[in-house]
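Before any comments, here is the structure.
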Amino acid sequence: MKILILGGGGREHAIGKKLLEDDPSIDLYFYPGNGGTSIIGKNIENHHTVLDLGFFSKKNTIDITIVGSEVFLLKGVVDIFQNFGLKIVGPHYLAAKLEGDRIFAKSFMRKYGIRTPKYKIFYCYEKAINFLKKNTNSIAIKTNGIAAGKGVFLTHNPNDAIEVLQNIMIKKKFGESGNQIIIEEFLKGNEASIIAFFNKKNIIPFLSAKDYKKIGENEQGLNTGGMGAIVPNPHMKNSIWIDFKKNILEPTLEGLIIEKLTFFGFIYFGLMISHNKVYLLEYNTRIGDPEAQTLFPLMKSNFLNVIQSSFQKKEIFFDWKKLCSCCVVLSSVGYPEKYESGKIITGLNSLQEPFYIAGAKREQEKWITSSGRVINIVETGNTIQEARKKAYDKVKKIQFDNLYFRKDIGL
Ligand code: GLY
């Protein structure tokens with residue numbers, strides 16, 4: 001069995017390690033991959049477009065491709081691979097717009113009665129400014145495109161909101177992503193990530209997760225790709241799960257089927273729990289990173305078997321260990337802005353599993369940092385407290401110059 005995984009972060013390393021744990025005979029391929037994936041499989045080179053990747057997969061008889069990163073989805077990789085007759089896990093381009101086009105996603109939510117914060121769409125700077133001048137409430141301003149995860153701003157007064165708007169619509173700091181914007185009601189509460197598998201008929205949710213998005217402790221500072229995660233999310237109480245299924249998951253499924261947006265792949269519900277009600281902030285059409293690194297160590301089911309069963313149109317379910325997990329992301333000082341790479345990492349060769357490489361490479365038997373997020377340290381335990389203690393004990397074993405991590409993951 002040959003499997004290709006598309007992406008180059010900790011998430012893709014975690015998917016690969018899980019597949020090999022279930023079946024060590026699998027041959028793994030990654031594009032572009034990283035230093036960790038090059039040890040458990042082959043990082044393929046020189047296939048820069050999704051069409052090139054399609055030719056590669058056909059020629060090398062890849063059995064199944066799993067898309068990790070949205071970048072490939074928004075280039076239509078699923079449509080192209082399906083045209084080649086290749087099996088691929090991920091949404092086709094139109095369904096991936098639920099992640100890549102926020103106005104499309106909000107319109108879908110409105111049409112199918114999916115509970116989401118109130119919003120207004122603006123195509124014109126002057127109209128948006130007039131609205132903002134009269135608004136004194138806290139709001140979220142979002143670019144229509146995902147802008148590499150940087151297009152969401154929370155503001156608490158008109159002056160800050162106007163500055164954000166100028167950056168997006170006049171200075172074009174986010175390029176075409178900001179040609180249209182969404183101004184959304186700001187909800188105070190707790191965020192949760194629910195990742196689910198869609199088999200064209202049902203949406204099967206994984207355990208709940210909590211992502212720590214900001215660079216600083218207590219959610220201060222700039223947005224990042226994620227500085228840590230825990231599973232389960234302590235705010236996803238039973239009543240919230242029931243509310244989520246009724247007001248978000250079920251109408252989403254109905255809408256996907258009616259709009260013919262079905263696919264084999266992942267849906268990520270980015271949720272806000274506010275005053276005991278759950279709201280959908282956004283869809284992603286892939287597994288989250290670092291949620292994946294926190295979820296896979298808890299998955300009991302054979303992941304490949306589930307994927308194969310869904311292609312064979314069989315009933316599927318996921319079985320989970322009755323444990324908690326905690327992931328701490330080790331990054332380079334300066335991330336998510338300017339940071340230095342090329343630092344020697346010590347402690348990695350003898351580190352106990354699970355851990356996942358995000359941005360490090362092997363050079364002459366040495367591990368070297370190569371990106372902003374470097375390593376994901378994960379541990380499991382009977383409680384979040386136990387998992388976090390074990391994870392932070394493991395963090396102490398790793399060292400490199402300019403190492404930074406948040407100390408409040410799981411607190
Ligand atoms: N952890 C958030 C994301 O993957 O988008």
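Residue numbers start at 1 in each chain; chains themselves are named A, B, ... in the order of the structure tokens; ligands are numbered from 1 in the order shown.
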
Could you give me, as a Markdown table, a per-residue list for chain A showing, wherever an atom lies at most 9 Å from an atom of ligand 1, the closest pair of atoms and their distance in Å to one decimal, using only C-alpha atoms and all ligand atoms and sorting by chain then residue number from low to high?
| residue | atom | partner | partner_atom_place_in_ligand_line | distance |
| --- | --- | --- | --- | --- |
| A:Arg11 | CA | ligand 1 | 4 (O) | 8.8 |
| A:Ser69 | CA | ligand 1 | 4 (O) | 8.8 |
| A:Gly149 | CA | ligand 1 | 5 (O) | 7.2 |
| A:Ser193 | CA | ligand 1 | 1 (N) | 8.0 |
| A:Lys210 | CA | ligand 1 | 1 (N) | 8.6 |
| A:Asp211 | CA | ligand 1 | 1 (N) | 5.7 |
| A:Tyr212 | CA | ligand 1 | 1 (N) | 7.7 |
| A:Lys213 | CA | ligand 1 | 1 (N) | 6.9 |
| A:Thr224 | CA | ligand 1 | 1 (N) | 8.6 |
| A:Gly225 | CA | ligand 1 | 1 (N) | 6.0 |
| A:Gly226 | CA | ligand 1 | 1 (N) | 5.1 |
| A:Met227 | CA | ligand 1 | 1 (N) | 8.5 |
| A:Gly228 | CA | ligand 1 | 1 (N) | 8.5 |
| A:Ala229 | CA | ligand 1 | 1 (N) | 8.1 |
| A:Tyr268 | CA | ligand 1 | 5 (O) | 8.4 |
| A:Gly270 | CA | ligand 1 | 2 (C) | 8.3 |
| A:Asn284 | CA | ligand 1 | 5 (O) | 6.9 |
| A:Arg286 | CA | ligand 1 | 4 (O) | 7.9 |
| A:Ile287 | CA | ligand 1 | 4 (O) | 6.6 |
| A:Gly288 | CA | ligand 1 | 4 (O) | 3.3 |
| A:Asp289 | CA | ligand 1 | 4 (O) | 4.0 |
| A:Pro290 | CA | ligand 1 | 1 (N) | 5.5 |
| A:Glu291 | CA | ligand 1 | 1 (N) | 6.0 |
| A:Ala292 | CA | ligand 1 | 4 (O) | 8.4 |

Subject >> Selection near Asn60 (chain A), 9 Å with only C-alpha atoms, sequence-local residues under 4 positions removed, as a PyMOL selection string >> reply: chain A and resi 2+55-56

Subject >> Expected answer as a VMD selection string: helix (DSSP H, G or I) residues in region 211-411 of chain A >> reply: chain A and resid 217 to 219 238 to 258 291 to 298 303 to 311 384 to 395

Could the residues in this selection be saved with N, CA and C atoms as a compact mmCIF listing (two decimals), in the first residue's frame?
# COMPACT_ATOMS: atom_id res chain seq x y z
N GLU A 217 1.14 33.78 26.37
CA GLU A 217 0.29 33.15 27.36
C GLU A 217 -0.97 33.97 27.60
N ASN A 218 -2.03 33.33 28.09
CA ASN A 218 -3.34 33.97 28.27
C ASN A 218 -3.87 34.56 26.98
N GLU A 219 -3.56 33.91 25.86
CA GLU A 219 -4.07 34.33 24.54
C GLU A 219 -3.75 35.79 24.24
N ASN A 238 -21.81 17.83 27.71
CA ASN A 238 -22.84 17.07 26.99
C ASN A 238 -23.88 17.95 26.32
N SER A 239 -24.36 18.95 27.08
CA SER A 239 -25.42 19.82 26.54
C SER A 239 -24.90 20.61 25.34
N ILE A 240 -23.60 20.93 25.34
CA ILE A 240 -23.03 21.69 24.22
C ILE A 240 -22.89 20.78 22.99
N TRP A 241 -22.53 19.51 23.24
CA TRP A 241 -22.49 18.54 22.13
C TRP A 241 -23.88 18.42 21.49
N ILE A 242 -24.90 18.35 22.32
CA ILE A 242 -26.27 18.20 21.79
C ILE A 242 -26.64 19.43 20.96
N ASP A 243 -26.29 20.60 21.51
CA ASP A 243 -26.57 21.87 20.81
C ASP A 243 -25.79 21.92 19.48
N PHE A 244 -24.52 21.49 19.52
CA PHE A 244 -23.67 21.49 18.31
C PHE A 244 -24.29 20.59 17.24
N LYS A 245 -24.71 19.39 17.65
CA LYS A 245 -25.24 18.45 16.65
C LYS A 245 -26.52 19.01 16.03
N LYS A 246 -27.38 19.57 16.86
CA LYS A 246 -28.67 20.04 16.36
C LYS A 246 -28.54 21.31 15.50
N ASN A 247 -27.74 22.25 15.97
CA ASN A 247 -27.73 23.56 15.32
C ASN A 247 -26.58 23.79 14.35
N ILE A 248 -25.62 22.87 14.33
CA ILE A 248 -24.47 23.06 13.43
C ILE A 248 -24.21 21.82 12.58
N LEU A 249 -23.99 20.68 13.21
CA LEU A 249 -23.59 19.50 12.42
C LEU A 249 -24.72 19.03 11.48
N GLU A 250 -25.92 18.86 12.04
CA GLU A 250 -26.99 18.30 11.20
C GLU A 250 -27.38 19.24 10.05
N PRO A 251 -27.56 20.55 10.31
CA PRO A 251 -27.85 21.41 9.15
C PRO A 251 -26.70 21.51 8.16
N THR A 252 -25.45 21.35 8.65
CA THR A 252 -24.32 21.34 7.70
C THR A 252 -24.44 20.14 6.77
N LEU A 253 -24.73 18.98 7.36
CA LEU A 253 -24.85 17.75 6.56
C LEU A 253 -25.97 17.92 5.53
N GLU A 254 -27.09 18.46 5.97
CA GLU A 254 -28.22 18.66 5.05
C GLU A 254 -27.80 19.56 3.89
N GLY A 255 -27.12 20.67 4.22
CA GLY A 255 -26.70 21.62 3.19
C GLY A 255 -25.70 21.00 2.22
N LEU A 256 -24.75 20.23 2.75
CA LEU A 256 -23.74 19.63 1.86
C LEU A 256 -24.39 18.67 0.88
N ILE A 257 -25.39 17.93 1.36
CA ILE A 257 -26.05 16.96 0.47
C ILE A 257 -26.91 17.69 -0.57
N ILE A 258 -27.69 18.68 -0.11
CA ILE A 258 -28.57 19.40 -1.06
C ILE A 258 -27.74 20.15 -2.10
N GLU A 291 -4.14 20.29 16.34
CA GLU A 291 -5.15 19.37 16.86
C GLU A 291 -4.84 17.93 16.44
N ALA A 292 -4.38 17.75 15.19
CA ALA A 292 -4.09 16.39 14.70
C ALA A 292 -3.07 15.70 15.59
N GLN A 293 -2.04 16.45 15.99
CA GLN A 293 -0.97 15.87 16.79
C GLN A 293 -1.48 15.46 18.17
N THR A 294 -2.58 16.08 18.60
CA THR A 294 -3.14 15.81 19.92
C THR A 294 -4.18 14.68 19.82
N LEU A 295 -4.84 14.57 18.65
CA LEU A 295 -5.90 13.58 18.47
C LEU A 295 -5.38 12.19 18.11
N PHE A 296 -4.42 12.12 17.18
CA PHE A 296 -4.02 10.79 16.69
C PHE A 296 -3.47 9.87 17.79
N PRO A 297 -2.73 10.38 18.79
CA PRO A 297 -2.28 9.46 19.84
C PRO A 297 -3.43 8.83 20.63
N LEU A 298 -4.63 9.39 20.49
CA LEU A 298 -5.79 8.84 21.21
C LEU A 298 -6.68 7.96 20.33
N PHE A 303 -6.71 3.76 11.27
CA PHE A 303 -7.13 4.94 10.48
C PHE A 303 -7.27 4.58 9.00
N LEU A 304 -6.33 3.81 8.49
CA LEU A 304 -6.39 3.45 7.08
C LEU A 304 -7.61 2.58 6.79
N ASN A 305 -7.93 1.65 7.73
CA ASN A 305 -9.12 0.81 7.53
C ASN A 305 -10.37 1.66 7.42
N VAL A 306 -10.45 2.71 8.26
CA VAL A 306 -11.64 3.56 8.22
C VAL A 306 -11.72 4.27 6.86
N ILE A 307 -10.58 4.76 6.40
CA ILE A 307 -10.57 5.47 5.11
C ILE A 307 -10.98 4.50 3.99
N GLN A 308 -10.40 3.30 4.01
CA GLN A 308 -10.73 2.32 2.96
C GLN A 308 -12.20 1.92 3.02
N SER A 309 -12.70 1.74 4.24
CA SER A 309 -14.12 1.38 4.37
C SER A 309 -15.00 2.47 3.81
N SER A 310 -14.62 3.73 4.00
CA SER A 310 -15.49 4.79 3.48
C SER A 310 -15.46 4.78 1.95
N PHE A 311 -14.30 4.53 1.34
CA PHE A 311 -14.26 4.43 -0.12
C PHE A 311 -15.13 3.26 -0.61
N ILE A 384 -6.27 15.91 31.91
CA ILE A 384 -5.49 16.92 31.17
C ILE A 384 -4.27 17.32 32.01
N GLN A 385 -4.46 17.43 33.32
CA GLN A 385 -3.35 17.84 34.20
C GLN A 385 -2.20 16.85 34.10
N GLU A 386 -2.54 15.55 34.08
CA GLU A 386 -1.48 14.54 34.00
C GLU A 386 -0.79 14.62 32.63
N ALA A 387 -1.60 14.76 31.57
CA ALA A 387 -1.02 14.81 30.22
C ALA A 387 -0.12 16.04 30.08
N ARG A 388 -0.56 17.18 30.63
CA ARG A 388 0.25 18.41 30.49
C ARG A 388 1.54 18.31 31.30
N LYS A 389 1.46 17.70 32.47
CA LYS A 389 2.68 17.57 33.28
C LYS A 389 3.70 16.70 32.54
N LYS A 390 3.22 15.59 31.99
CA LYS A 390 4.13 14.69 31.27
C LYS A 390 4.70 15.38 30.02
N ALA A 391 3.85 16.16 29.35
CA ALA A 391 4.32 16.85 28.13
C ALA A 391 5.39 17.88 28.51
N TYR A 392 5.13 18.67 29.56
CA TYR A 392 6.13 19.70 29.94
C TYR A 392 7.41 19.06 30.49
N ASP A 393 7.31 17.89 31.14
CA ASP A 393 8.53 17.19 31.57
C ASP A 393 9.36 16.81 30.35
N LYS A 394 8.67 16.42 29.29
CA LYS A 394 9.37 16.00 28.06
C LYS A 394 9.98 17.22 27.35
N VAL A 395 9.28 18.35 27.44
CA VAL A 395 9.79 19.59 26.81
C VAL A 395 11.19 19.91 27.34

Subject >> Polymer residues at most 9 Å from Ala358 (chain A), only C-alpha atoms, same-chain spacing of 4 or more positions, as a PyMOL selection string >> reply: chain A and resi 8-13+34-36+329+370-376

Writing out the chosen residues with N, CA, C and O atoms as a PDB file, in the first residue's frame:
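This went into out_30.pdb:
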ATOM      1  N   GLY A   8       3.523  19.779   4.994  1.00  0.00           N
ATOM      2  CA  GLY A   8       4.900  19.671   5.488  1.00  0.00           C
ATOM      3  C   GLY A   8       5.052  20.024   6.949  1.00  0.00           C
ATOM      4  O   GLY A   8       6.107  20.499   7.365  1.00  0.00           O
ATOM      5  N   GLY A   9       4.018  19.773   7.750  1.00  0.00           N
ATOM      6  CA  GLY A   9       4.098  20.180   9.158  1.00  0.00           C
ATOM      7  C   GLY A   9       3.954  19.011  10.117  1.00  0.00           C
ATOM      8  O   GLY A   9       4.014  17.843   9.724  1.00  0.00           O
ATOM      9  N   GLY A  10       3.717  19.360  11.379  1.00  0.00           N
ATOM     10  CA  GLY A  10       3.536  18.348  12.414  1.00  0.00           C
ATOM     11  C   GLY A  10       2.305  17.491  12.151  1.00  0.00           C
ATOM     12  O   GLY A  10       2.291  16.296  12.472  1.00  0.00           O
ATOM     13  N   ARG A  11       1.273  18.093  11.595  1.00  0.00           N
ATOM     14  CA  ARG A  11       0.045  17.335  11.291  1.00  0.00           C
ATOM     15  C   ARG A  11       0.343  16.176  10.346  1.00  0.00           C
ATOM     16  O   ARG A  11      -0.099  15.039  10.566  1.00  0.00           O
ATOM     17  N   GLU A  12       1.116  16.457   9.295  1.00  0.00           N
ATOM     18  CA  GLU A  12       1.396  15.418   8.308  1.00  0.00           C
ATOM     19  C   GLU A  12       2.296  14.333   8.918  1.00  0.00           C
ATOM     20  O   GLU A  12       2.132  13.147   8.626  1.00  0.00           O
ATOM     21  N   HIS A  13       3.233  14.743   9.788  1.00  0.00           N
ATOM     22  CA  HIS A  13       4.074  13.755  10.472  1.00  0.00           C
ATOM     23  C   HIS A  13       3.201  12.875  11.363  1.00  0.00           C
ATOM     24  O   HIS A  13       3.399  11.656  11.446  1.00  0.00           O
ATOM     25  N   ASN A  34       8.863  17.077   5.746  1.00  0.00           N
ATOM     26  CA  ASN A  34       9.864  17.792   6.559  1.00  0.00           C
ATOM     27  C   ASN A  34      10.906  16.776   7.038  1.00  0.00           C
ATOM     28  O   ASN A  34      10.871  15.607   6.613  1.00  0.00           O
ATOM     29  N   GLY A  35      11.802  17.206   7.922  1.00  0.00           N
ATOM     30  CA  GLY A  35      12.873  16.307   8.382  1.00  0.00           C
ATOM     31  C   GLY A  35      12.332  15.062   9.074  1.00  0.00           C
ATOM     32  O   GLY A  35      12.931  13.989   8.989  1.00  0.00           O
ATOM     33  N   GLY A  36      11.184  15.207   9.751  1.00  0.00           N
ATOM     34  CA  GLY A  36      10.593  14.047  10.435  1.00  0.00           C
ATOM     35  C   GLY A  36       9.986  13.073   9.444  1.00  0.00           C
ATOM     36  O   GLY A  36      10.169  11.857   9.558  1.00  0.00           O
ATOM     37  N   VAL A 329       3.781  23.169  21.531  1.00  0.00           N
ATOM     38  CA  VAL A 329       4.568  23.454  20.329  1.00  0.00           C
ATOM     39  C   VAL A 329       5.834  24.209  20.725  1.00  0.00           C
ATOM     40  O   VAL A 329       5.761  25.236  21.402  1.00  0.00           O
ATOM     41  N   SER A 370      14.385  24.571  11.178  1.00  0.00           N
ATOM     42  CA  SER A 370      14.248  25.069   9.810  1.00  0.00           C
ATOM     43  C   SER A 370      12.983  25.894   9.616  1.00  0.00           C
ATOM     44  O   SER A 370      12.642  26.261   8.493  1.00  0.00           O
ATOM     45  N   SER A 371      12.253  26.170  10.719  1.00  0.00           N
ATOM     46  CA  SER A 371      11.006  26.908  10.546  1.00  0.00           C
ATOM     47  C   SER A 371      10.615  27.574  11.863  1.00  0.00           C
ATOM     48  O   SER A 371      11.313  27.431  12.869  1.00  0.00           O
ATOM     49  N   GLY A 372       9.475  28.289  11.848  1.00  0.00           N
ATOM     50  CA  GLY A 372       9.019  28.990  13.049  1.00  0.00           C
ATOM     51  C   GLY A 372       8.535  28.015  14.103  1.00  0.00           C
ATOM     52  O   GLY A 372       8.945  28.041  15.263  1.00  0.00           O
ATOM     53  N   ARG A 373       7.635  27.110  13.701  1.00  0.00           N
ATOM     54  CA  ARG A 373       7.219  26.049  14.613  1.00  0.00           C
ATOM     55  C   ARG A 373       8.155  24.871  14.349  1.00  0.00           C
ATOM     56  O   ARG A 373       8.340  24.474  13.193  1.00  0.00           O
ATOM     57  N   VAL A 374       8.747  24.312  15.399  1.00  0.00           N
ATOM     58  CA  VAL A 374       9.836  23.346  15.203  1.00  0.00           C
ATOM     59  C   VAL A 374       9.420  21.917  15.572  1.00  0.00           C
ATOM     60  O   VAL A 374       9.545  20.999  14.760  1.00  0.00           O
ATOM     61  N   ILE A 375       8.936  21.722  16.800  1.00  0.00           N
ATOM     62  CA  ILE A 375       8.601  20.357  17.264  1.00  0.00           C
ATOM     63  C   ILE A 375       7.298  20.412  18.063  1.00  0.00           C
ATOM     64  O   ILE A 375       7.043  21.377  18.791  1.00  0.00           O
ATOM     65  N   ASN A 376       6.488  19.372  17.937  1.00  0.00           N
ATOM     66  CA  ASN A 376       5.283  19.220  18.751  1.00  0.00           C
ATOM     67  C   ASN A 376       5.541  18.108  19.766  1.00  0.00           C
ATOM     68  O   ASN A 376       5.773  16.961  19.382  1.00  0.00           O
TER      69      ASN A 376
END

**OP:** Excluding Asn190 (chain A) and any residue of its chain fewer than 6 positions from it, enumerate the residues within 10 Å of it, using only C-alpha atoms, and give them as a PyMOL selection string.
**Re:** chain A and resi 210+233-236+271-275+278
